[in-house]
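*Asks:* Let me begin by handing over the structure; questions about it come next.
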Amino acid sequence: MAVCVAIIGKDNAPKFFACVNPEEELNFQYKVLSSLDIVEEKLNPTVKSSTTDLRELYLGMLYSLETHKIYGYVTNTKIKIIIIVDSTNTALRDNEIKSMFKKIHSEYADVVCNPFYIPGEPITSKSFAMNIESIMS
Amino acid sequence: MQANAIQSNSDLPPELCAKPLALIGISGLDVINNAVHKSIWDIFSNSRRNEHSPVRFNLIENDHEFPIIKPKRNSYDWYIPKGILKKNWMHKHLHEIPAVMVIFYDLDWNDLQWNEKMIECASRVQSMRAALEGRASRIVIVLIQTTLPLPAGEDALAAERAVALCSSCELNSQSLFVLPHGDHLQGYATRLENAFYEFAQTYYHNEAKIIKSHKEHLNKNTHQYLYVRHQFKLGFLNELKQDIHTAYKHYNHAYENLLEIRIVDTNSLEIRTIAGFLNYKLCRLLFALNLPRDAISQFKSHIDRFRGRIGFQELAFEHYAWLSKQYSVFGDIFDEAVKLGLPAVQTQHPGIYYQQAALQAILRKKACKELCSTVIAYPSPDPLEGANNIEFYGQRPWRPGKMTSEPPDPHLEAMGIQAIQYLEKLVNHSNIIIQLYGLAISQYKTYKCPRTRRQLVLEMADECYDSKDYGKALTLYTHMLWDFRKEKWWGILSQVLEKALICAFLTANVQDYIQLALELLGANTTTSLDDKRRIYENLKKILKKQIPYGDPKLPQDILQNAIIIWQPVFSSNPLHFSLDMANIAACIETRAKFLKNVYEVDQNVTVEIYIRSTCPFPLVFAKISVTINAPNCNSEFAVTNVENIALSFRKDEVKKFVIEFMPDPHDINKEIQIGSINIQLGNSTECSVDLKYSSYDEAFKNHPELVHFRCAPNGIDFDNIRPLSSSTIVPRESKLSISFDHRSPALVGEWYQIVINIVNEEMFGIKDLKIEVVLDEENFESELSLQPSSPCKQPLIVNSPKNLDCNGKNSTHFFVRVHKPCKCNVTVRVTYTLDSQKAVLSIKTEVIPLPVVEPFTVTTKYLSMLMSEIDRFYVDEEFGVMNYIKFSSPWMIHIEDTSLEFVHPGRSAEKSSSSQIAGRSFNNEEISAELHIATCQKSSDQGLNLGKCKISWKRENGITTTTEVAIQGLPCYFMPIGLKLAAPAHGFVRTPMLLKYHLENRSRHLIQLDVVMQATEAFMFSGYKQFVVSILPNSTRTLQYNLYPLIAGSVALPELVISPESNTDNEVQGINKDQLNALIHRSLPTHIYVMPQVKGTPKLPEIVANQKIQIVD
């Protein structure tokens, strides 16, 4: 379903990046970076928007490009999760994206609970990568 | 010219982009020779006026020729249109055919040659009408008059002549205007302009009606083009009429009709062109109608529809050029709307369209590269001949007006394509792309998308690189590095670094090359090991002054050029570079720290330097040093005590270097900092590179407290080294023993002695001993001295020997005097140098907390002569001054002497006075009292200062101190009468005694008083019982009585009653009964002691002798 999943730390440094096609990774990195602009703006407390509920972690669609759609999700600790979906995949509903985010979030929480993981560093756990891959497909 | 022709295929013509304004023709104004005409023309043509109508004025000469009207067509049956939109039509309506023709003419109503001028005017109208033959343009006359018009209906002559003029010109009366040339030209012009504008609207409305009427003649099969053309014309005319709603409707119809036309290769260019025009108009109007969402969706569907319609494969670049133009034009319109107040958002703003335009331009470039590379010559004969003169928009010059059904001539077609391809090859695509990126970048910056902006800058740099502008590309790349580094996007960073490295190579920028190479060799980059090895080898070559190898992917010719640029770089003398590595995640990392926060001045300062190389290949340094910034001087310390082998690093090797130095004694109590860590690469004879690291780079960490969990395989846990980049130099700790002898608390006003005992417990003798004493700064009422006499200024330097041997002792002392009870601190600072090989300055500071208390407090009470307390004085009346001294010192105080010193008006009433407590000692809480008799010589409403009480005192064995306390008196009033009783201390029963009442007149008037001596049972008395007494001014009268006591004990005296003499005027004397009673009450004792009768015959006290009184009849 998703072609790319990225987990970005609160300082906007990438913690985890997974692509269906590894050759396109750099390209997707640029896309994720661009969508961070939108996330930052949405998180900016000075921009008052009546629709944003602070408890809602799901940010909805950030970018709709010709080839891809980019969705965002921010945890309470300002960890950003970005999912990129192929534009041609019209079967994917908002709810499914949301549940995908929830799953990734809980996977991430598991990784952080690991005492051998140093918060703020890139995630290198293989089982995490596998779990994310299974969520993506 | 030919290149222009190609450009115009995708560019929008100016007449399309111009804002349509109703055209008003103006004739009859001679702006060159006639000043009045010029001013009128200036007012009309000056569009800066506020309430400017949407009209355009065109000055038309008398002999102007208007476009020839085409013959009317009655039937469209056999008409086959050759194209969609004629090139000249818009220009014609915008600039050539006026909606309203205004003829100016100078004519006053009362002109002498009225008739002649009227005829001339009429002839002008006629000739203009002839020129506009067949057009529906409205003709109006404006008479320029010098006299001001009268109100309507009052000027009969004017009304009459106006009618005449109208009829001779064959115009109705509404077409005649008068413009008085005077003060309010501006206002008149505005009103005229509005009138013209209304006429113009009617004109365009009628024109539109005529075009609409053609519709019924058309049929869908052959006239598809005309459907589009007519709807376009309707839209344009409505725009001229400023009816944008209707205009939008018609343009929309035109667009829909256009979409119905089947697109084939031959007409694809024309349809695309016209679609672009219509889309432009539609989007612009939608923005003007404040429907930005509709504009965006219109644009999107427009692009979606035409994206796939490439047309000729051989001319695919034309299609991309057109798409690029569509995007950039939409960006322009959007931007224009934003500037007029449309709020754009982060996800929908002009920058997105500029970015797309740039992308399309890149596609165009690619297509051009693919298609045009084979074309080498421009074909002859020129197939593009007359490209600017073809009748319709978007048609090929080599087959103008050809209908789609006709098969094109293949040879001519091929020639045409070749010509266009040749011209496309000449286009500088990169410029276009970079320009579009520039527009997009500035928009993304405005809409707060820093990361997207960065990406665009990189793309722009790629384009610069592509266009061989390596220098600019390098600048752009290196400027973007910092942000990626900060956010740790190592993958992107590595890619950018690699590109930048190539640019640095191609521009032979050695400094950047080394810096980029060092960063690429670091652990963070995702570059492959092979590439890293190549970079490493190149770096080594540069350090040996050899030209590095270029990237093997680069084409040969570019490599050749680069080598040519490199050659002169190394031809010069030894190269030396200095690189600032502070913000770079390079392959060499450093940490430096002081071992302690505080160093004593005689200790070695130790700096530990840790260096880690993450370069996969061994690195050798020439020199490692640290700069230390101290307030006095900055110095550099190099690592010296290591062999050369220690300066070579394998991968992930961490080494520790220690630098020690003695601090400068001038930096005592100051902070020293590690300024930078310098590593030198290469050797100074060939090429050396100084890498400057800042001592503090925590920017790359976010959870330093958690790094402890990371394992450090090779001994030194580099990541956990906390830099400590500053330290303070302090004086060495003194081993001198200092004690103080004093008897606290100090007493206010005394010279308080403090004895300093110094014992030298150092290992060496000391010299240059100096003892300074300083008091609290805020305490001004205190003094220091060496002698208990004169105060010295601070800081006090206490007498002491200069030198003191090991274990030597010394005592000295100083004095403190404080004038206020408080708690003050006395600071004693002992400075000296050790008498060892190294003369080290040492300082020892001790603080003596010193409470200061009052030795005693003095309170004063005033008593009447009868020992009762009083609240006021009377002039020249005696009173008692009672001084109580309450002692509050914990130490016994010995009073040496006390005295009362009066100042005027106070005066002692004693002949001689002496201290009553001198020579006595008092303990804490004890109170002494002294009584002195005084008078006050002046009346006063307030208490006056009577004088001061001087007390000389000392501690036991102490130094005498004299304390002075001012004595504050009571209010003093004037009483004209003084009264005093002189009586013996006591009497004896049945023994007479003498009472003398002294009445004193202190005033300058005669005082007469009634005096009554009241009888009492305890006494028999002789003297005047009741009589009037007269007292002369400033004299005293004495009344004497002999008293014969009858009872023993404390007996009430006979009461003396004094009252003002009833006959005299009381007010003159200034005394009344109450005052007299008060006087008696405070001056006369009421009782006297009478002793029992003395046995035997006592000696009679002084009494008034019997007087012989003769009674005369």
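In the structure tokens, the first chain shown is A, the next is B, and so on; residue numbers restart at 1 for each chain, and ligands run from 1 in the order shown.
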Once you count only C-alpha atoms, which residues of chain A turn out to be within 7 Å of chain B? Could you give them as a list in words?

*Replies:*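 That gives Asp11, Asn12, Ala13, Pro14, Leu26, Tyr30, Leu33, Ser34, Asp37, Ile118, Pro119 and Gly120 of chain A for chain A.
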
*Asks:* So that I can check the secondary structure, give me every residue of region 515-669 of chain B assigned alpha helix (DSSP H) by backbone DSSP, as an NGL selection string.

*Replies:* :B and (515-520 or 529-543 or 556-571)

*Asks:* Would you list, as a VMD selection string, the residues of region 60-121 of chain A that end up in strand (DSSP E) under DSSP run on this structure's backbone?

*Replies:* chain A and resid 60 to 64 68 to 74 80 to 86

*Asks:* Give me the residues within 12 Å of region 40-43 of chain A as a CSV table (one decimal) with all heavy atoms, in the first residue's frame, counting only C-alpha atoms and dropping any in the same chain fewer than 5 places off.

*Replies:*
```csv
chain,number,residue,atom,x,y,z
A,8,ILE,N,10.6,10.7,11.8
A,8,ILE,CA,11.4,11.9,11.9
A,8,ILE,C,11.4,12.3,13.4
A,8,ILE,O,10.3,12.4,14.0
A,8,ILE,CB,10.9,13.1,11.1
A,8,ILE,CG1,10.5,12.6,9.7
A,8,ILE,CG2,11.9,14.2,11.0
A,8,ILE,CD1,11.7,12.1,8.8
A,10,LYS,N,12.1,14.8,16.8
A,10,LYS,CA,11.5,16.1,17.1
A,10,LYS,C,12.4,17.2,16.6
A,10,LYS,O,12.0,18.4,16.4
A,10,LYS,CB,11.3,16.3,18.6
A,10,LYS,CG,12.5,16.3,19.5
A,10,LYS,CD,12.1,16.8,20.9
A,10,LYS,CE,13.3,17.0,21.8
A,10,LYS,NZ,13.3,16.2,22.9
A,11,ASP,N,13.7,17.0,16.4
A,11,ASP,CA,14.6,18.0,15.8
A,11,ASP,C,14.7,17.9,14.3
A,11,ASP,O,15.6,18.4,13.7
A,11,ASP,CB,16.0,17.9,16.4
A,11,ASP,CG,16.5,16.4,16.4
A,11,ASP,OD1,15.7,15.6,15.9
A,11,ASP,OD2,17.7,16.2,16.7
A,12,ASN,N,13.7,17.1,13.7
A,12,ASN,CA,13.6,17.0,12.3
A,12,ASN,C,14.7,16.1,11.7
A,12,ASN,O,14.9,16.2,10.5
A,12,ASN,CB,13.5,18.3,11.6
A,12,ASN,CG,12.1,19.0,11.9
A,12,ASN,OD1,11.2,18.2,12.1
A,12,ASN,ND2,12.1,20.3,11.9
A,33,LEU,N,11.1,15.6,3.3
A,33,LEU,CA,11.6,16.9,3.8
A,33,LEU,C,10.7,18.0,3.5
A,33,LEU,O,10.4,18.9,4.3
A,33,LEU,CB,13.0,17.2,3.1
A,33,LEU,CG,14.2,16.9,4.0
A,33,LEU,CD1,15.5,17.3,3.2
A,33,LEU,CD2,14.2,17.8,5.2
A,34,SER,N,10.2,18.1,2.2
A,34,SER,CA,9.2,19.1,1.8
A,34,SER,C,8.0,19.0,2.7
A,34,SER,O,7.4,20.1,3.1
A,34,SER,CB,8.8,19.0,0.4
A,34,SER,OG,10.0,19.1,-0.4
A,35,SER,N,7.5,17.8,2.9
A,35,SER,CA,6.3,17.7,3.7
A,35,SER,C,6.5,18.1,5.2
A,35,SER,O,5.6,18.5,5.8
A,35,SER,CB,5.7,16.3,3.6
A,35,SER,OG,6.6,15.4,4.2
A,48,LYS,N,-3.3,30.1,14.3
A,48,LYS,CA,-4.6,29.6,15.0
A,48,LYS,C,-5.4,29.0,13.9
A,48,LYS,O,-5.8,29.6,12.9
A,48,LYS,CB,-5.3,30.8,15.6
A,48,LYS,CG,-4.7,31.1,17.0
A,48,LYS,CD,-5.3,30.2,18.1
A,48,LYS,CE,-4.6,30.4,19.4
A,48,LYS,NZ,-3.4,29.7,19.5
A,49,SER,N,-5.8,27.8,14.1
A,49,SER,CA,-6.7,27.1,13.2
A,49,SER,C,-7.7,26.4,14.0
A,49,SER,O,-7.4,25.6,14.9
A,49,SER,CB,-5.9,26.2,12.3
A,49,SER,OG,-6.8,25.3,11.7
A,50,SER,N,-8.9,26.7,13.8
A,50,SER,CA,-10.0,26.2,14.7
A,50,SER,C,-10.2,24.7,14.5
A,50,SER,O,-10.7,24.0,15.4
A,50,SER,CB,-11.3,27.0,14.4
A,50,SER,OG,-11.6,26.8,13.0
A,51,THR,N,-9.8,24.2,13.3
A,51,THR,CA,-10.1,22.8,13.0
A,51,THR,C,-9.1,21.9,13.7
A,51,THR,O,-9.4,20.7,13.9
A,51,THR,CB,-10.0,22.6,11.5
A,51,THR,OG1,-8.8,23.1,11.0
A,51,THR,CG2,-11.2,23.3,10.8
A,52,THR,N,-7.9,22.4,14.1
A,52,THR,CA,-7.0,21.4,14.6
A,52,THR,C,-7.3,21.1,16.1
A,52,THR,O,-7.4,22.0,16.9
A,52,THR,CB,-5.5,22.0,14.5
A,52,THR,OG1,-5.6,23.3,15.0
A,52,THR,CG2,-5.0,21.9,13.1
A,53,ASP,N,-7.4,19.9,16.3
A,53,ASP,CA,-7.6,19.4,17.7
A,53,ASP,C,-6.3,18.9,18.2
A,53,ASP,O,-5.6,18.2,17.6
A,53,ASP,CB,-8.7,18.3,17.7
A,53,ASP,CG,-8.9,17.7,19.0
A,53,ASP,OD1,-8.4,18.3,20.0
A,53,ASP,OD2,-9.6,16.7,19.2
A,54,LEU,N,-5.9,19.5,19.4
A,54,LEU,CA,-4.6,19.1,19.9
A,54,LEU,C,-4.4,17.7,20.2
A,54,LEU,O,-3.3,17.1,20.1
A,54,LEU,CB,-4.3,20.0,21.1
A,54,LEU,CG,-4.0,21.4,20.9
A,54,LEU,CD1,-3.9,22.2,22.2
A,54,LEU,CD2,-2.8,21.6,20.0
A,56,GLU,N,-5.7,15.3,18.5
A,56,GLU,CA,-5.6,14.5,17.2
A,56,GLU,C,-4.2,14.5,16.7
A,56,GLU,O,-3.6,15.5,16.4
A,56,GLU,CB,-6.6,15.1,16.2
A,56,GLU,CG,-6.6,14.4,14.9
A,56,GLU,CD,-7.1,13.0,14.9
A,56,GLU,OE1,-8.2,12.8,15.3
A,56,GLU,OE2,-6.3,12.1,14.6
A,57,LEU,N,-3.7,13.3,16.6
A,57,LEU,CA,-2.3,13.1,16.2
A,57,LEU,C,-2.2,13.1,14.6
A,57,LEU,O,-1.2,13.4,14.1
A,57,LEU,CB,-1.7,11.9,16.8
A,57,LEU,CG,-1.8,11.8,18.3
A,57,LEU,CD1,-1.2,10.4,18.8
A,57,LEU,CD2,-1.0,12.9,19.0
A,58,TYR,N,-3.3,12.6,14.0
A,58,TYR,CA,-3.2,12.4,12.6
A,58,TYR,C,-3.4,13.8,11.9
A,58,TYR,O,-4.3,14.5,12.2
A,58,TYR,CB,-4.4,11.5,12.2
A,58,TYR,CG,-4.5,11.3,10.7
A,58,TYR,CD1,-3.4,10.8,10.0
A,58,TYR,CD2,-5.7,11.5,10.1
A,58,TYR,CE1,-3.6,10.6,8.6
A,58,TYR,CE2,-5.9,11.2,8.7
A,58,TYR,CZ,-4.8,10.8,8.0
A,58,TYR,OH,-4.9,10.6,6.7
A,59,LEU,N,-2.5,14.1,11.0
A,59,LEU,CA,-2.5,15.4,10.4
A,59,LEU,C,-3.2,15.4,9.1
A,59,LEU,O,-3.5,16.5,8.5
A,59,LEU,CB,-1.1,16.0,10.2
A,59,LEU,CG,-0.3,16.2,11.4
A,59,LEU,CD1,1.1,16.6,11.0
A,59,LEU,CD2,-0.9,17.2,12.3
A,60,GLY,N,-3.6,14.3,8.6
A,60,GLY,CA,-4.2,14.2,7.3
A,60,GLY,C,-3.2,14.3,6.1
A,60,GLY,O,-2.0,14.2,6.3
A,61,MET,N,-3.7,14.6,4.9
A,61,MET,CA,-2.8,14.6,3.8
A,61,MET,C,-2.1,15.9,3.8
A,61,MET,O,-2.6,17.0,4.0
A,61,MET,CB,-3.7,14.5,2.5
A,61,MET,CG,-2.8,14.3,1.3
A,61,MET,SD,-3.7,13.5,0.0
A,61,MET,CE,-4.8,14.8,-0.5
A,62,LEU,N,-0.8,15.8,3.6
A,62,LEU,CA,0.1,17.0,3.6
A,62,LEU,C,0.3,17.5,2.2
A,62,LEU,O,0.2,18.7,1.9
A,62,LEU,CB,1.4,16.7,4.2
A,62,LEU,CG,1.4,16.1,5.6
A,62,LEU,CD1,2.8,15.7,6.0
A,62,LEU,CD2,0.9,17.0,6.6
A,72,GLY,N,0.7,12.7,7.1
A,72,GLY,CA,1.5,13.0,8.2
A,72,GLY,C,0.8,12.6,9.5
A,72,GLY,O,-0.4,12.6,9.6
A,73,TYR,N,1.6,12.4,10.6
A,73,TYR,CA,1.1,12.0,11.9
A,73,TYR,C,2.2,12.5,12.9
A,73,TYR,O,3.4,12.4,12.6
A,73,TYR,CB,1.0,10.5,11.9
A,73,TYR,CG,0.5,9.9,13.2
A,73,TYR,CD1,-0.9,9.6,13.3
A,73,TYR,CD2,1.3,9.5,14.2
A,73,TYR,CE1,-1.4,9.0,14.4
A,73,TYR,CE2,0.8,8.9,15.3
A,73,TYR,CZ,-0.5,8.6,15.4
A,73,TYR,OH,-1.0,8.0,16.5
A,74,VAL,N,1.8,13.1,14.0
A,74,VAL,CA,2.7,13.6,14.9
A,74,VAL,C,2.4,13.1,16.3
A,74,VAL,O,1.2,13.3,16.8
A,74,VAL,CB,2.8,15.2,14.9
A,74,VAL,CG1,3.7,15.7,16.0
A,74,VAL,CG2,3.2,15.7,13.6
A,75,THR,N,3.3,12.5,17.0
A,75,THR,CA,3.1,12.0,18.3
A,75,THR,C,3.2,13.2,19.3
A,75,THR,O,3.6,14.3,19.0
A,75,THR,CB,4.1,11.0,18.8
A,75,THR,OG1,5.3,11.6,19.0
A,75,THR,CG2,4.3,9.9,17.7
A,76,ASN,N,2.8,12.9,20.5
A,76,ASN,CA,2.8,14.0,21.6
A,76,ASN,C,4.2,14.5,21.8
A,76,ASN,O,4.4,15.6,22.3
A,76,ASN,CB,2.2,13.5,22.9
A,76,ASN,CG,0.7,13.3,22.7
A,76,ASN,OD1,0.0,14.1,22.0
A,76,ASN,ND2,0.2,12.3,23.2
A,77,THR,N,5.2,13.6,21.6
A,77,THR,CA,6.6,14.1,21.8
A,77,THR,C,7.2,14.6,20.5
A,77,THR,O,8.4,14.7,20.4
A,77,THR,CB,7.4,12.9,22.3
A,77,THR,OG1,7.2,11.8,21.4
A,77,THR,CG2,7.0,12.4,23.7
A,78,LYS,N,6.3,15.0,19.6
A,78,LYS,CA,6.7,15.7,18.4
A,78,LYS,C,7.6,14.7,17.5
A,78,LYS,O,8.5,15.2,16.8
A,78,LYS,CB,7.5,17.0,18.6
A,78,LYS,CG,6.7,18.0,19.4
A,78,LYS,CD,5.6,18.7,18.6
A,78,LYS,CE,4.7,19.5,19.4
A,78,LYS,NZ,3.6,18.8,20.1
A,79,ILE,N,7.3,13.5,17.5
A,79,ILE,CA,7.9,12.6,16.6
A,79,ILE,C,7.0,12.5,15.4
A,79,ILE,O,5.8,12.3,15.6
A,79,ILE,CB,8.1,11.1,17.2
A,79,ILE,CG1,8.9,11.2,18.5
A,79,ILE,CG2,8.7,10.2,16.2
A,79,ILE,CD1,10.3,11.5,18.4
A,80,LYS,N,7.5,12.7,14.2
A,80,LYS,CA,6.7,12.8,13.0
A,80,LYS,C,6.8,11.5,12.3
A,80,LYS,O,7.9,11.0,12.1
A,80,LYS,CB,7.1,14.0,12.1
A,80,LYS,CG,6.9,15.3,12.7
A,80,LYS,CD,8.2,16.1,12.8
A,80,LYS,CE,8.0,17.3,13.7
A,80,LYS,NZ,9.3,17.8,14.1
B,345,VAL,N,-2.0,30.2,0.8
B,345,VAL,CA,-1.6,29.3,1.9
B,345,VAL,C,-0.4,28.6,1.5
B,345,VAL,O,0.1,28.6,0.4
B,345,VAL,CB,-2.8,28.4,2.3
B,345,VAL,CG1,-3.9,29.1,2.9
B,345,VAL,CG2,-3.2,27.6,1.1
B,346,GLN,N,0.1,27.8,2.5
B,346,GLN,CA,1.4,27.1,2.3
B,346,GLN,C,1.2,26.1,1.3
B,346,GLN,O,2.2,25.8,0.5
B,346,GLN,CB,1.7,26.5,3.7
B,346,GLN,CG,3.2,26.1,3.8
B,346,GLN,CD,3.4,25.3,5.0
B,346,GLN,OE1,2.6,24.7,5.6
B,346,GLN,NE2,4.6,25.4,5.5
B,347,THR,N,0.1,25.4,1.1
B,347,THR,CA,0.0,24.3,0.2
B,347,THR,C,-0.5,24.8,-1.2
B,347,THR,O,-0.6,24.0,-2.1
B,347,THR,CB,-1.0,23.3,0.7
B,347,THR,OG1,-2.2,24.0,1.2
B,347,THR,CG2,-0.4,22.5,1.8
B,447,TYR,N,6.3,31.6,1.7
B,447,TYR,CA,5.2,30.7,2.4
B,447,TYR,C,5.8,29.7,3.3
B,447,TYR,O,5.3,28.6,3.5
B,447,TYR,CB,4.4,30.1,1.3
B,447,TYR,CG,3.6,31.1,0.5
B,447,TYR,CD1,4.0,31.6,-0.7
B,447,TYR,CD2,2.5,31.7,1.1
B,447,TYR,CE1,3.3,32.7,-1.3
B,447,TYR,CE2,1.8,32.7,0.5
B,447,TYR,CZ,2.2,33.2,-0.7
B,447,TYR,OH,1.5,34.2,-1.3
B,448,LYS,N,6.9,30.1,3.9
B,448,LYS,CA,7.5,29.3,5.0
B,448,LYS,C,7.7,27.8,4.7
B,448,LYS,O,7.2,26.9,5.4
B,448,LYS,CB,6.6,29.4,6.3
B,448,LYS,CG,6.7,30.8,6.9
B,448,LYS,CD,5.8,30.9,8.1
B,448,LYS,CE,5.5,32.3,8.4
B,448,LYS,NZ,4.2,32.5,9.1
B,449,CYS,N,8.4,27.5,3.6
B,449,CYS,CA,8.7,26.2,3.3
B,449,CYS,C,10.2,26.1,3.2
B,449,CYS,O,10.7,26.0,2.1
B,449,CYS,CB,8.0,25.7,2.0
B,449,CYS,SG,6.3,25.7,2.2
B,450,PRO,N,11.0,26.2,4.3
B,450,PRO,CA,12.4,26.3,4.1
B,450,PRO,C,13.0,25.0,3.5
B,450,PRO,O,14.0,25.1,2.7
B,450,PRO,CB,12.9,26.4,5.6
B,450,PRO,CG,11.8,26.0,6.4
B,450,PRO,CD,10.5,26.2,5.7
B,451,ARG,N,12.4,23.9,3.8
B,451,ARG,CA,13.0,22.6,3.3
B,451,ARG,C,12.7,22.5,1.8
B,451,ARG,O,13.6,22.1,1.0
B,451,ARG,CB,12.5,21.5,4.1
B,451,ARG,CG,13.0,21.5,5.5
B,451,ARG,CD,12.3,20.5,6.4
B,451,ARG,NE,12.7,20.7,7.8
B,451,ARG,CZ,12.1,21.6,8.5
B,451,ARG,NH1,11.1,22.3,8.1
B,451,ARG,NH2,12.5,21.8,9.8
```

*Asks:* Using only C-alpha atoms, which residues sit within 12 Å of Ser134 (chain A) once same-chain residues fewer than 2 positions away are excluded, as a VMD selection string?

*Replies:* chain A and resid 1 to 3 5 18 to 20 100 103 to 104 107 127 to 132 136 to 137

*Asks:* Would you save the residues of that selection, restricted to C-alpha atoms, as a compact mmCIF listing (two decimals), in the first residue's frame?

*Replies:*
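As a result, result.txt now contains:
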```
# COMPACT_ATOMS: atom_id res chain seq x y z
CA MET A 1 0.00 0.00 0.00
CA ALA A 2 2.46 2.61 1.14
CA VAL A 3 5.62 3.14 -0.87
CA VAL A 5 7.48 5.31 5.61
CA ALA A 18 11.88 2.60 4.63
CA CYS A 19 11.09 2.44 0.93
CA VAL A 20 9.59 -0.25 -1.20
CA MET A 100 -1.43 2.34 9.56
CA LYS A 103 0.37 0.67 14.12
CA ILE A 104 3.62 2.39 13.26
CA GLU A 107 5.89 -0.12 16.91
CA SER A 127 12.79 -6.50 13.74
CA PHE A 128 11.41 -2.97 13.73
CA ALA A 129 12.26 -2.63 10.04
CA MET A 130 10.56 -5.90 9.33
CA ASN A 131 7.46 -4.93 11.25
CA ILE A 132 7.24 -1.64 9.41
CA MET A 136 3.51 -1.04 4.59
CA SER A 137 2.55 -3.94 2.38
```

*Asks:* Can you tell me how far CA of Gln1093 (chain B) sits from CA of Val1051 (chain B), in Å to one decimal?

*Replies:* 14.4 Å

*Asks:* Find the residues near Lys861 (chain B): any atom within 12 Å, counting only C-alpha atoms, skip ones fewer than 3 places away on the same chain, and give them as a ChimeraX atom specification.

*Replies:* /B:858,864,867-872,879-885,929-933,967-970

*Asks:* One number please: CA of Asn924 (chain B) to CA of Arg817 (chain B), in Å, one decimal.

*Replies:*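 One can read the CA of Asn924 (chain B) to CA of Arg817 (chain B) distance as 21.0 Å.
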
*Asks:* What does the structure give for the distance between CA of Phe594 (chain B) and CA of Leu736 (chain B), in Å to one decimal?

*Replies:*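 Taking CA of Phe594 (chain B) as the start and CA of Leu736 (chain B) as the end point, the length is 29.1 Å.
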
*Asks:* Could you give me, as a list in words, the residues within 8 Å of Phe17 (chain A), counting only C-alpha atoms and dropping anything in the same chain fewer than 5 positions from it?

*Replies:*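 Counting only the stated atoms, we get Cys4, Val5, Ala6 and Ile7 of chain A.
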
*Asks:* Selected residues, N, CA and C atoms, written as a PDB file, in the first residue's frame, please.

*Replies:*
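selection-v4.pdb, written as the output of this step:
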```pdb
ATOM      1  N   CYS A   4       6.476   4.382   1.002  1.00  0.00           N
ATOM      2  CA  CYS A   4       7.569   4.885   1.829  1.00  0.00           C
ATOM      3  C   CYS A   4       7.036   5.244   3.205  1.00  0.00           C
ATOM      4  N   VAL A   5       7.815   4.914   4.231  1.00  0.00           N
ATOM      5  CA  VAL A   5       7.481   5.312   5.605  1.00  0.00           C
ATOM      6  C   VAL A   5       8.721   5.963   6.191  1.00  0.00           C
ATOM      7  N   ALA A   6       8.499   7.089   6.840  1.00  0.00           N
ATOM      8  CA  ALA A   6       9.630   7.764   7.461  1.00  0.00           C
ATOM      9  C   ALA A   6       9.248   8.149   8.876  1.00  0.00           C
ATOM     10  N   ILE A   7      10.197   8.008   9.787  1.00  0.00           N
ATOM     11  CA  ILE A   7       9.994   8.485  11.152  1.00  0.00           C
ATOM     12  C   ILE A   7      11.043   9.563  11.396  1.00  0.00           C
TER      13      ILE A   7
END
```

*Asks:* Give me the residues near Glu686 (chain B) as a list in words, where near means some atom within 9 Å (using only C-alpha atoms) and where sequence neighbours in that chain fewer than 5 positions away do not count.

*Replies:* Leu543, Lys544, Lys545, Asn573, Pro574, Leu575 and His576 of chain B

*Asks:* Write a file of the selected residues as a tab-separated table (two decimals), in the first residue's frame, keeping N, CA and C atoms.

*Replies:*
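What landed in out06.tsv:
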```tsv
chain	number	residue	atom	x	y	z
B	543	LEU	N	47.76	17.33	-1.11
B	543	LEU	CA	48.73	17.69	-0.08
B	543	LEU	C	50.15	17.58	-0.61
B	544	LYS	N	50.31	16.82	-1.68
B	544	LYS	CA	51.64	16.73	-2.30
B	544	LYS	C	51.75	17.67	-3.50
B	545	LYS	N	50.83	18.55	-3.63
B	545	LYS	CA	50.79	19.51	-4.75
B	545	LYS	C	50.68	18.80	-6.09
B	573	ASN	N	54.08	29.28	-4.77
B	573	ASN	CA	54.88	28.86	-3.62
B	573	ASN	C	54.10	27.91	-2.72
B	574	PRO	N	54.67	27.53	-1.58
B	574	PRO	CA	53.93	26.60	-0.71
B	574	PRO	C	52.53	27.09	-0.44
B	575	LEU	N	51.63	26.17	-0.56
B	575	LEU	CA	50.22	26.53	-0.37
B	575	LEU	C	49.87	26.40	1.09
B	576	HIS	N	49.08	27.30	1.54
B	576	HIS	CA	48.63	27.20	2.92
B	576	HIS	C	47.16	27.59	3.01
```
